[in-house]
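target_24.cif (mmCIF, C-alpha atoms)
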```cif
data_structure
loop_
_atom_site.label_atom_id
_atom_site.label_comp_id
_atom_site.auth_asym_id
_atom_site.auth_seq_id
_atom_site.Cartn_x
_atom_site.Cartn_y
_atom_site.Cartn_z
CA SER S 1 91.34 71.38 155.95
CA VAL S 2 92.80 71.90 152.51
CA TYR S 3 92.53 69.05 150.03
CA PRO S 4 94.78 67.95 148.54
CA PRO S 5 97.19 68.86 151.34
CA THR S 6 99.81 69.77 148.72
CA ALA S 7 97.64 72.59 147.31
CA PRO S 8 99.37 75.98 147.55
CA ILE S 9 96.89 77.31 150.12
CA GLN S 10 97.92 78.22 153.64
CA ARG S 11 95.38 78.09 156.47
CA ASN S 12 95.51 80.39 159.47
CA GLY S 13 92.32 79.92 161.51
CA SER S 14 89.44 80.88 159.21
CA LEU S 15 91.73 82.59 156.65
CA TYR S 16 92.84 80.55 153.62
CA THR S 17 95.49 82.26 151.49
CA PHE S 18 96.97 81.24 148.13
CA THR S 19 100.75 80.91 148.22
CA ASP S 20 101.15 80.26 144.48
CA ASN S 21 99.17 79.95 141.25
CA ILE S 22 96.82 76.98 140.94
CA TYR S 23 96.29 75.19 137.62
CA THR S 24 93.59 72.52 137.52
CA THR S 25 91.42 70.51 135.19
CA ALA S 26 89.17 69.27 138.00
CA ASP S 27 85.44 69.95 137.65
CA VAL S 28 85.63 72.46 140.53
CA GLY S 29 88.82 74.44 141.13
CA ILE S 30 88.04 75.31 144.76
CA MET S 31 84.96 74.27 146.71
CA ILE S 32 84.49 76.15 149.97
CA GLY S 33 82.89 73.81 152.50
CA LYS S 34 82.67 75.88 155.66
CA ASP S 35 80.76 78.97 156.84
CA ASP S 36 82.55 82.04 158.21
CA VAL S 37 85.81 81.78 156.24
CA THR S 38 87.87 84.03 153.99
CA LEU S 39 89.61 82.85 150.83
CA ASP S 40 92.33 85.32 149.83
CA GLY S 41 93.88 84.69 146.42
CA ALA S 42 96.66 87.18 147.28
CA GLY S 43 96.71 88.11 143.58
CA TYR S 44 97.56 84.59 142.41
CA VAL S 45 95.87 82.84 139.47
CA LEU S 46 93.32 80.03 139.60
CA ASP S 47 93.33 78.61 136.05
CA GLY S 48 90.90 75.97 134.75
CA GLY S 49 92.55 75.51 131.39
CA GLY S 50 89.21 76.02 129.64
CA VAL S 51 87.93 72.57 130.64
CA SER S 52 86.80 73.00 134.25
CA SER S 53 83.26 73.97 135.29
CA PHE S 54 83.56 76.18 138.39
CA GLY S 55 86.54 78.22 139.52
CA ILE S 56 85.20 78.78 143.04
CA GLN S 57 81.97 77.22 144.29
CA LEU S 58 80.23 77.93 147.58
CA SER S 59 76.80 77.51 149.13
CA LEU S 60 77.47 78.79 152.62
CA THR S 61 77.02 81.81 154.86
CA ASN S 62 79.39 84.65 155.67
CA VAL S 63 82.17 83.69 153.26
CA THR S 64 84.56 86.22 151.74
CA VAL S 65 86.33 85.52 148.45
CA LYS S 66 88.88 88.19 147.55
CA ASN S 67 91.89 88.96 145.37
CA VAL S 68 91.66 85.84 143.16
CA ASN S 69 92.54 85.99 139.44
CA ILE S 70 90.24 83.38 137.92
CA HIS S 71 90.89 82.29 134.34
CA ALA S 72 89.31 79.89 131.83
CA PHE S 73 86.51 78.21 133.79
CA SER S 74 82.93 77.81 132.54
CA LEU S 75 81.87 79.86 135.56
CA GLY S 76 84.37 81.93 137.57
CA ILE S 77 82.64 82.23 140.96
CA TYR S 78 79.44 80.29 141.63
CA VAL S 79 77.37 81.12 144.73
CA GLU S 80 74.29 78.95 145.31
CA GLY S 81 71.69 79.21 148.08
CA SER S 82 73.95 81.44 150.13
CA SER S 83 73.74 84.66 152.12
CA ARG S 84 75.95 87.34 153.66
CA ASP S 85 78.89 86.48 151.40
CA ILE S 86 81.35 89.06 150.10
CA ILE S 87 82.92 88.69 146.66
CA VAL S 88 85.47 91.51 146.40
CA GLY S 89 88.48 92.46 144.31
CA ASP S 90 88.45 89.34 142.13
CA ASN S 91 89.24 89.16 138.40
CA ALA S 92 87.46 86.67 136.12
CA THR S 93 88.69 86.41 132.54
CA ALA S 94 87.72 84.10 129.71
CA CYS S 95 84.88 82.53 131.73
CA PRO S 96 81.52 82.38 129.88
CA TYR S 97 79.94 83.45 133.19
CA GLY S 98 82.12 85.58 135.47
CA ILE S 99 80.12 85.58 138.74
CA GLU S 100 76.75 83.90 139.34
CA LEU S 101 74.49 84.16 142.37
CA LEU S 102 71.81 81.47 142.18
CA ALA S 103 69.00 81.64 144.76
CA SER S 104 71.28 83.72 147.00
CA SER S 105 70.41 86.82 149.03
CA ASP S 106 72.02 89.59 151.08
CA ASN S 107 75.44 89.25 149.42
CA THR S 108 77.92 91.91 148.33
CA VAL S 109 79.70 91.77 144.98
CA ALA S 110 82.10 94.73 144.89
CA GLY S 111 85.20 95.92 143.08
CA ASN S 112 85.51 92.88 140.82
CA ARG S 113 86.65 92.83 137.19
CA VAL S 114 85.03 90.51 134.65
CA THR S 115 86.45 90.44 131.12
CA ASN S 116 85.54 88.53 127.96
CA SER S 117 82.53 86.58 129.24
CA THR S 118 80.75 85.08 126.25
CA ASP S 119 77.46 84.83 128.17
CA CYS S 120 77.26 87.17 131.18
CA GLY S 121 79.65 89.07 133.43
CA ILE S 122 77.50 88.98 136.60
CA LEU S 123 74.27 86.97 136.78
CA LEU S 124 71.69 86.96 139.58
CA CYS S 125 69.05 84.30 139.03
CA GLN S 126 66.50 81.92 140.44
CA GLY S 127 67.22 78.34 141.37
CA GLU S 128 64.75 75.52 141.07
CA GLY S 129 61.91 76.15 143.52
CA SER S 130 63.42 79.40 144.82
CA SER S 131 62.36 83.01 144.60
CA GLY S 132 65.49 84.27 142.89
CA SER S 133 68.40 86.25 144.28
CA PRO S 134 67.06 89.28 146.20
CA ASN S 135 68.65 91.98 148.36
CA ASN S 136 72.17 91.78 146.93
CA THR S 137 74.52 94.73 146.45
CA LEU S 138 76.59 95.04 143.26
CA THR S 139 78.89 98.04 143.43
CA GLY S 140 82.08 99.25 141.80
CA ASN S 141 82.46 96.27 139.45
CA THR S 142 84.07 96.67 136.02
CA LEU S 143 82.71 94.51 133.21
CA THR S 144 84.55 94.65 129.90
CA ASN S 145 83.81 93.00 126.58
CA ASP S 146 81.12 90.68 127.93
CA ASN S 147 78.05 89.55 125.97
CA VAL S 148 75.80 90.90 128.76
CA GLY S 149 77.31 92.98 131.57
CA ILE S 150 74.85 92.34 134.42
CA SER S 151 71.75 90.17 134.19
CA LEU S 152 68.95 89.98 136.76
CA SER S 153 66.57 87.09 136.18
CA GLN S 154 63.68 86.71 138.63
CA SER S 155 65.77 88.64 141.14
CA SER S 156 64.24 91.63 142.88
CA SER S 157 65.17 94.31 145.42
CA ASN S 158 68.86 94.42 144.52
CA PHE S 159 71.07 97.52 144.62
CA LEU S 160 73.45 98.28 141.74
CA SER S 161 75.73 101.30 141.95
CA GLY S 162 78.93 102.57 140.37
CA ASN S 163 79.43 99.60 138.06
CA THR S 164 81.31 100.26 134.82
CA ILE S 165 80.18 98.26 131.80
CA MET S 166 82.22 98.68 128.62
CA ALA S 167 81.78 97.20 125.17
CA SER S 168 78.89 94.86 125.94
CA ASN S 169 77.99 92.93 122.83
CA ASN S 170 74.32 92.45 123.73
CA ALA S 171 73.22 94.50 126.74
CA ALA S 172 74.86 96.43 129.56
CA ILE S 173 72.12 95.46 132.02
CA SER S 174 69.40 92.91 131.33
CA MET S 175 66.36 92.33 133.55
CA SER S 176 63.75 89.62 133.28
CA ASP S 177 60.90 89.18 135.78
CA SER S 178 62.79 91.33 138.28
CA SER S 179 61.28 94.25 140.18
CA ASN S 180 62.14 96.86 142.79
CA ASN S 181 65.81 96.97 141.83
CA THR S 182 67.75 100.21 142.30
#
```
Could you express the structure from this file as structure tokens?
Amino acid sequence: SVYPPTAPIQRNGSLYTFTDNIYTTADVGIMIGKDDVTLDGAGYVLDGGGVSSFGIQLSLTNVTVKNVNIHAFSLGIYVEGSSRDIIVGDNATACPYGIELLASSDNTVAGNRVTNSTDCGILLCQGEGSSGSPNNTLTGNTLTNDNVGISLSQSSSNFLSGNTIMASNNAAISMSDSSNNT
């Protein structure tokens, strides 16, 4: 179900599609609570007004998040303890962290745009008691004017290809305690 029921999101089976822009000051803009679903922003904006923590949060399997324009959250898309998710064609602007995979493996992050992240555009990292975020694919993403473009922290065996990182203030790609990445 969609909560609140008045939210501009239409459900058709396992496909949830924005029908308008969403402005929120809630701690989490959208929390996905079901495996095997697709959230399609249809090019609409999800705006946190600079006070909300997570634009989109999920900790499930086989979820696709696509075509969402995420603006002014602390963290644009937050994936925790999840696998086989696809994050594709999203735009995150003015979020200190654009996309974070925490203790998540076998995910695809492709064709996204992250702009003006004061901390990191895309971050793969370890959660408490986990072994990091291994075996993820990051391809065709564009990161512009971020402090760090892509950061791998205790995350090994990932594949990065065709990402464009422009005007990083600190580092284009940062790795810490991460091995066997391509």
Q: Write out as number ranges by chain each polymer residue whose atoms come within 9 Å of region 39-47 of chain S, counting all atoms listed in the file; drop sequence neighbours fewer than 6 positions from it.
A: S: 9, 14-25, 29-30, 32, 55-56, 63-73, 90
Q: Apply the PyMOL selection byres ((chain S and resi 59) around 10) to the displayed file and report the matching residues as a ChimeraX atom specification.
A: /S:31-35,57-58,60-61,63,78-83,85,101-104
Q: Give me, please, the distance in Å between CA of Leu138 (chain S) and CA of Val28 (chain S), quoted to one decimal.
A: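 Separation between CA of Leu138 (chain S) and CA of Val28 (chain S): 24.5 Å.
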Q: Please provide the set of residues having any atom within 10 Å of Asp146 (chain S), restricted to all atoms listed in the file, with same-chain residues fewer than 3 positions apart removed, written as a list in words.
A: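 Those residues are Thr93, Ala94, Cys95, Pro96, Tyr97, Gly98, Val114, Thr115, Asn116, Ser117, Thr118, Asp119, Cys120, Gly121, Ile122, Leu143, Gly149, Ile150, Ile165, Met166, Ala167, Ser168, Asn169, Asn170, Ala171 and Ala172 of chain S.
Straight-line separation from CA of Gly140 (chain S) to CA of Gly13 (chain S): 29.4 Å.
Going from CA of Thr182 (chain S) to CA of Asn158 (chain S) covers 6.3 Å.
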Q. Which residues, written as a PyMOL selection string, have at least one atom at most 8 Å from Asn112 (chain S), with all atoms listed in the file counted and residues fewer than 2 positions away on the same chain left out?
A. chain S and resi 87-91+109-110+114+140-142
Q: Could you tell me which residues the PyMOL selection byres ((chain S and resi 159) around 12) grabs in this file, written as a ChimeraX atom specification?
A: /S:105-110,124,133-140,152,155-158,160-163,179-182
Only N, CA, C and O atoms, as a compact mmCIF listing (two decimals), in the first residue's frame: that is what I want for region 140-152 of chain S.
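Listing of out-v9.txt after writing:
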```txt
# COMPACT_ATOMS: atom_id res chain seq x y z
N GLY S 140 28.33 4.02 -15.75
CA GLY S 140 27.66 5.09 -16.48
C GLY S 140 27.08 6.18 -15.62
O GLY S 140 26.19 6.91 -16.06
N ASN S 141 27.56 6.34 -14.40
CA ASN S 141 27.07 7.41 -13.52
C ASN S 141 27.86 8.69 -13.79
O ASN S 141 29.03 8.64 -14.16
N THR S 142 27.22 9.84 -13.59
CA THR S 142 27.87 11.13 -13.74
C THR S 142 27.84 11.84 -12.40
O THR S 142 26.76 12.06 -11.84
N LEU S 143 29.02 12.16 -11.90
CA LEU S 143 29.15 12.82 -10.60
C LEU S 143 29.82 14.16 -10.82
O LEU S 143 30.94 14.23 -11.34
N THR S 144 29.12 15.24 -10.44
CA THR S 144 29.59 16.58 -10.73
C THR S 144 29.64 17.43 -9.47
O THR S 144 28.66 17.51 -8.73
N ASN S 145 30.78 18.06 -9.27
CA ASN S 145 30.95 19.02 -8.18
C ASN S 145 30.67 18.41 -6.81
O ASN S 145 30.02 19.03 -5.97
N ASP S 146 31.13 17.20 -6.59
CA ASP S 146 30.99 16.53 -5.31
C ASP S 146 32.33 16.61 -4.57
O ASP S 146 33.38 16.71 -5.20
N ASN S 147 32.31 16.51 -3.24
CA ASN S 147 33.56 16.51 -2.50
C ASN S 147 34.41 15.29 -2.89
O ASN S 147 35.57 15.41 -3.23
N VAL S 148 33.81 14.11 -2.84
CA VAL S 148 34.42 12.87 -3.33
C VAL S 148 33.43 12.26 -4.32
O VAL S 148 32.25 12.15 -4.01
N GLY S 149 33.90 11.86 -5.48
CA GLY S 149 33.00 11.27 -6.48
C GLY S 149 32.46 9.93 -6.02
O GLY S 149 31.27 9.78 -5.74
N ILE S 150 33.34 8.92 -5.94
CA ILE S 150 32.97 7.57 -5.52
C ILE S 150 33.91 7.15 -4.40
O ILE S 150 35.13 7.29 -4.53
N SER S 151 33.35 6.62 -3.32
CA SER S 151 34.16 6.15 -2.21
C SER S 151 33.83 4.70 -1.89
O SER S 151 32.66 4.34 -1.74
N LEU S 152 34.88 3.87 -1.82
CA LEU S 152 34.74 2.48 -1.42
C LEU S 152 35.44 2.33 -0.08
O LEU S 152 36.65 2.55 0.02
```
